[in-house]
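Enquirer: There's a structure below that I have some questions on.
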Amino acid sequence: MQKIKNNSLLLVSLVLGVLIIFSFTSSVAAKSTSAQRDPSNEENTNQQKGQLNAEEHRSAVANFVQVLLKTATSTDPGIGQQVRIIAQEQIKNNTTTAKVIDKIQKRNKIKTFLFGSDYKNLGALRSEVVQTRNRIEQLTRVMGKTASTTEMQTQLQTMEQEQARMENFVKAQEGKFSLFGWLAKLFQK
């Protein structure tokens, strides 16, 4: 008799858990469907939610690199060489960053709900953010030695904004709810 009570209690708990998971995933799907219906406000909400578009990031970095290379040819040869090196490093960083952003965004929603975000790629993205921040600081120091153009200053501000977007993206991805995310984090270390 006791065994039957325990089995029925376990069965009820299991059914309740499955219903909770399905109701949560269907509400997430409904939210994503309603978000797709209003594309006019999509960019602002993506900014607020920490979303990042790999193609937009790639474009912003490409513009930044073009201005860097243009500045490198018009300045002192010693400073121009430093700027060229920073531009080449940023080009390498850009391709890696765009691939990582795509992988994080294309992760299965159910997998994210159960096991959490893609912590491996988030760590790689965090590393790329730090490297880019260091390059911006180097560039600011180098450009402080010479009269920088307003275009260069504008591009530096744009890259700093892009950095902030990437940091918000990482924070938003790390903050996603998951059932067993704590367990996945233990195995990542």
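Going through the structure tokens in order, the chains are called A, B, and so on, while each chain numbers its residues from 1 and the ligands are numbered from 1 in the order shown.
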Using only C-alpha atoms, find each residue in stretch 114-137 of chain A having at least one atom no more than 12 Å away from stretch 63-80 of chain A; report its shortest atom-to-atom pair and that distance in Å (one decimal), rows by chain then rising number, as a Markdown table.

Expert:
| residue | atom | partner | partner_atom | distance |
| --- | --- | --- | --- | --- |
| A:Thr132 | CA | A:Phe64 | CA | 11.9 |
| A:Arg135 | CA | A:Leu68 | CA | 11.8 |
| A:Ile136 | CA | A:Phe64 | CA | 10.8 |

Enquirer: Which residues come within 12 Å of stretch 94-101 of chain A, counting only C-alpha atoms, excluding same-chain residues fewer than 4 positions away, as a VMD selection string?

Expert: chain A and resid 50 to 65 87 to 90 105 to 107 118 to 132 159 162 to 163 165 to 167 169 to 170 173

Enquirer: So that I have them on file, write out the residues from the current selection with C-alpha atoms, as a compact mmCIF listing (two decimals), in the first residue's frame.

Expert:
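part_4.txt, written as the output of this step:
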# COMPACT_ATOMS: atom_id res chain seq x y z
CA GLY A 50 21.16 42.32 -25.17
CA GLN A 51 20.73 40.93 -28.67
CA LEU A 52 23.55 41.27 -31.13
CA ASN A 53 23.49 40.77 -34.86
CA ALA A 54 26.68 39.22 -36.22
CA GLU A 55 26.28 40.94 -39.59
CA GLU A 56 25.85 44.38 -38.00
CA HIS A 57 28.90 43.75 -35.84
CA ARG A 58 30.92 42.64 -38.87
CA SER A 59 29.90 45.80 -40.75
CA ALA A 60 30.74 48.15 -37.86
CA VAL A 61 34.17 46.57 -37.43
CA ALA A 62 34.83 46.68 -41.19
CA ASN A 63 34.10 50.42 -41.24
CA PHE A 64 36.36 50.90 -38.24
CA VAL A 65 39.20 49.00 -39.90
CA ALA A 87 43.79 47.01 -37.78
CA GLN A 88 45.07 43.58 -38.84
CA GLU A 89 44.48 42.17 -35.36
CA GLN A 90 40.97 43.59 -35.37
CA GLN A 105 22.31 32.74 -31.26
CA LYS A 106 21.61 29.55 -33.21
CA ARG A 107 21.71 27.34 -30.11
CA ASP A 118 26.66 28.07 -24.57
CA TYR A 119 29.21 28.87 -21.87
CA LYS A 120 32.19 27.79 -23.97
CA ASN A 121 31.42 30.26 -26.75
CA LEU A 122 30.41 32.95 -24.26
CA GLY A 123 33.86 32.62 -22.70
CA ALA A 124 35.46 32.97 -26.13
CA LEU A 125 33.33 36.04 -26.84
CA ARG A 126 34.25 37.55 -23.47
CA SER A 127 37.91 37.02 -24.37
CA GLU A 128 37.40 38.73 -27.73
CA VAL A 129 35.72 41.66 -25.95
CA VAL A 130 38.74 42.10 -23.68
CA GLN A 131 41.16 41.94 -26.61
CA THR A 132 39.18 44.53 -28.56
CA MET A 159 33.67 50.78 -31.54
CA GLU A 162 29.88 48.09 -30.18
CA GLN A 163 31.92 46.85 -27.21
CA ARG A 165 26.60 45.95 -27.05
CA MET A 166 28.80 42.85 -26.96
CA GLU A 167 29.14 43.04 -23.17
CA PHE A 169 24.90 40.41 -25.14
CA VAL A 170 27.21 38.27 -22.99
CA GLN A 173 23.06 35.20 -22.49

Enquirer: Would you mind telling me which residue in A:Gln155, A:Asn108, A:Ser117, A:Asn93 lies nearest to A:Phe180 when using only C-alpha atoms?

Expert: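 That would be A:Ser117, the residue with the smallest distance to A:Phe180.
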
Enquirer: Can you pull out the residues contacting A:Leu186? Cut-off 12 Å, using only C-alpha atoms, and skip same-chain residues under 3 positions away; I want them as a compact mmCIF listing (two decimals) with C-alpha atoms, in the first residue's frame.

Expert:
# COMPACT_ATOMS: atom_id res chain seq x y z
CA PHE A 115 21.32 23.22 -19.80
CA GLY A 116 21.85 26.97 -20.02
CA TYR A 119 29.21 28.87 -21.87
CA PHE A 180 20.28 22.42 -15.09
CA GLY A 181 22.54 25.36 -15.97
CA TRP A 182 24.25 25.15 -12.60
CA LEU A 183 25.21 21.57 -13.42
CA LYS A 189 35.35 24.30 -15.15
